[in-house]
Amino acid sequence: MRKLFIAAFIVIGTFALTACSSTQNNTATKTEESSETNAETSDEDKDEAAKKSKLKKPNYVHGEDGYYCIYDEMPEFNPVMQKWGTCWLYAGSASMRTAYFKQTGEYITIDPIELLDIIYGGGADKEEGFVIKSGADGREVGGWQWIVTETLSRGFNGLTLDSSMDIDINDTDKIKEVVRTRGAVVAEIPDTGDGKKGVHGGCFTMNDTETKEFDHDVTIVGYDDHFPKEYFNEEAERDGAWLTYNSNYKSDKPYYISYCTPIGYAISHTVSDQYTDVLSYDAGNEMDRTISTGDATKTANVFHKAGKLAAVGTYNVEKEQDIKIEIYDAAFNNVIYSQDAVLDFKGYHTIVLDEVLDVTDYAVVITYSKGAPVEGETLENDSGYYRTISENGQSYVYIDGWKDLTDDDIKDVLKIDFEPNNCCIKALYK
């Protein structure tokens, strides 16, 4: 349930921040005392009593087919309750931790409250990124998963968020595949009223097909295709449930959400400890901003730091597109390295280079087949800003030669109605 109303940013499209209550909503279906049914009880009452008796079964045992749960692989996963309105950070942290376990077989600690400080820290005078206005409480203003991506892909506490996959919310099979192979998936759900939530066999359940506002993030840790539809407080139209970690509830068992309950978005994060530095000029890729110069669009960031370049990061706003990565000298005179790649999902990608390069002053050039991502312009709402700045000599687009994205005529040349600011290209060092 929202603790604070949050105005949406509106610039061509709309996004809303997810906030949620920090206390458990005690909506468990109460167990009624059993009593003998007298002779005058109607058939309808008997049917209702039988249904309630069925719901009081102490344990539900899932079948072997159509079932999966990350908890079975990660017995030491700790499903802690959230503090304040930070469900989005607890959910994002759980996705990253499970993904790291999938990749390495090892547990990792990612404190959601530390993430809050990293994302919103710096005060109202922070030059770029996500800025909370004076008087607003960062613990309660909420957030969403792309704030996590856009901030933590620049590195945090010795880690780097190296991918965020935006999954079609209607593609149940894809969500299941991602949970099995990559790790837990963050899903945005309604924070419903009492009638939609219940308890079965010691597990919290929810089925809500009516609430239209999505304002709470949970983490899908598994699924059960055969979880009976009548086990929900409000019977579902079909069997099946997502098994989720819900930071509003302290329970070692998954929180069951009916497949019939719609979700607002589904995002999978992965995290790496293989990089020492991330060079980046952009604050993110809010509103999926892109620029295009025709059939293919070539953009570049120029960096100045000695080290070993191991990977390149960028965004993709399409379902799939081909790119070419080239490393030039800083003056764009000589190509040092070239590699083709495929961005095979919508979201943020890190492309590992086939060889580690010794670099100092250089340009990372990416040619996109379907549009090049840029950070766009500053956005504002009642609580804060997505604030962007750019400087001459950082980001370029190729239009019969290299053109700086800070040039006064850039909007006219690109035929766009917004300030592009920096290119969304990152350089990751070993």
# chains A, B, ... in the order shown; residues from 1 in each chain; ligands from 1
call {"tool": "residues_around", "arguments": {"residues": "A:Ile389", "least_positions_apart": "5", "cutoff": "12 Å", "atoms": "only C-alpha atoms", "output": "NGL selection string"}}
result
:A and (126-129 or 281-284 or 374-379 or 394-395 or 405-406 or 419-423)
call {"tool": "select_by_dssp", "arguments": {"residues": "stretch 92-165 of chain A", "states": "alpha helix (DSSP H)", "output": "JSON, numbers by chain"}}
result
{"A": [92, 93, 94, 95, 96, 97, 98, 99, 100, 101, 102, 103, 104, 112, 113, 114, 115, 116, 117, 118, 119, 120, 145, 146, 147, 148, 149, 150, 151, 152]}
call {"tool": "closest_atom_pairs", "arguments": {"of": "stretch 99-201 of chain A", "to": "stretch 244-268 of chain A", "cutoff": "9 Å", "atoms": "only C-alpha atoms", "output": "CSV"}}
result
residue,atom,partner,partner_atom,distance
A:Ala99,CA,A:Ser268,CA,8.5
A:Gln145,CA,A:Ile267,CA,7.4
A:Trp146,CA,A:Ile267,CA,9.0
A:Ser163,CA,A:Ser268,CA,8.0
A:Ser164,CA,A:Ser268,CA,5.5
A:Met165,CA,A:Ser268,CA,5.0
A:Asp166,CA,A:Ile267,CA,4.7
A:Ile167,CA,A:Ala266,CA,5.3
A:Asp168,CA,A:Ala266,CA,7.0
A:Ile169,CA,A:Ala266,CA,5.8
A:Asn170,CA,A:Ile263,CA,8.7
A:Thr172,CA,A:Tyr259,CA,8.7
A:Ile175,CA,A:Ala266,CA,7.7
A:Val178,CA,A:Ser268,CA,7.5
A:Val179,CA,A:Ser268,CA,8.2
A:Arg182,CA,A:Ser268,CA,7.6
A:Gly183,CA,A:Ser268,CA,7.1
A:Ala184,CA,A:Ser268,CA,6.6
A:Val185,CA,A:Ser268,CA,4.6
A:Val186,CA,A:Ile267,CA,5.2
A:Ala187,CA,A:Ala266,CA,4.6
A:Glu188,CA,A:Gly264,CA,4.9
A:Ile189,CA,A:Ile263,CA,4.9
A:Pro190,CA,A:Ile263,CA,7.6
call {"tool": "write_last_selection", "arguments": {"atoms": "C-alpha atoms", "output": "compact mmCIF listing (two decimals), in the first residue's frame"}}
result
# COMPACT_ATOMS: atom_id res chain seq x y z
CA ALA A 99 21.45 -14.19 -10.21
CA GLN A 145 13.75 -0.87 -11.29
CA TRP A 146 15.21 1.36 -14.02
CA SER A 163 22.42 -6.48 -17.23
CA SER A 164 18.74 -5.74 -16.77
CA MET A 165 16.29 -7.67 -18.92
CA ASP A 166 12.88 -6.11 -19.53
CA ILE A 167 10.54 -9.10 -20.09
CA ASP A 168 7.14 -9.08 -21.79
CA ILE A 169 4.68 -9.26 -18.89
CA ASN A 170 2.34 -11.44 -20.96
CA THR A 172 4.61 -16.43 -18.91
CA ILE A 175 9.41 -15.30 -17.24
CA VAL A 178 14.44 -16.44 -16.93
CA VAL A 179 13.74 -17.42 -13.31
CA ARG A 182 19.17 -16.18 -14.83
CA GLY A 183 17.61 -15.73 -11.40
CA ALA A 184 14.62 -14.13 -9.73
CA VAL A 185 12.50 -11.62 -11.66
CA VAL A 186 11.19 -8.39 -10.14
CA ALA A 187 7.47 -7.90 -10.79
CA GLU A 188 5.29 -4.88 -10.09
CA ILE A 189 1.90 -5.83 -8.61
CA PRO A 190 -1.13 -4.14 -7.05
call {"tool": "atom_distance", "arguments": {"atom1": "atom CA of A:Lys403", "atom2": "atom CA of A:Leu152"}}
result
29.1 Å
call {"tool": "closest_residue", "arguments": {"among": "A:Arg180, A:His62, A:Lys83, A:His226", "to": "A:Thr98", "atoms": "only C-alpha atoms"}}
result
A:Arg180
call {"tool": "atom_distance", "arguments": {"atom1": "atom CA of A:Trp242", "atom2": "atom CA of A:Asp224"}}
result
6.5 Å
call {"tool": "residues_around", "arguments": {"residues": "stretch 345-362 of chain A", "least_positions_apart": "3", "cutoff": "6 Å", "atoms": "only C-alpha atoms", "output": "list in words"}}
result
Asp162, Ser163, Ser164, Met165, Asp166, Val302, Phe303, His304, Lys305, Ala306, Gly307, Lys308, Leu309, Ala310, Ala311, Val312, Gly313, Thr314, Tyr315, Asn316, Val317, Glu318, Lys319, Glu320, Tyr328, Asp329 and Ala330 of chain A
call {"tool": "closest_residue", "arguments": {"among": "A:Leu279, A:Ala427, A:Ile325, A:Cys203", "to": "A:Leu243", "atoms": "only C-alpha atoms"}}
result
A:Cys203
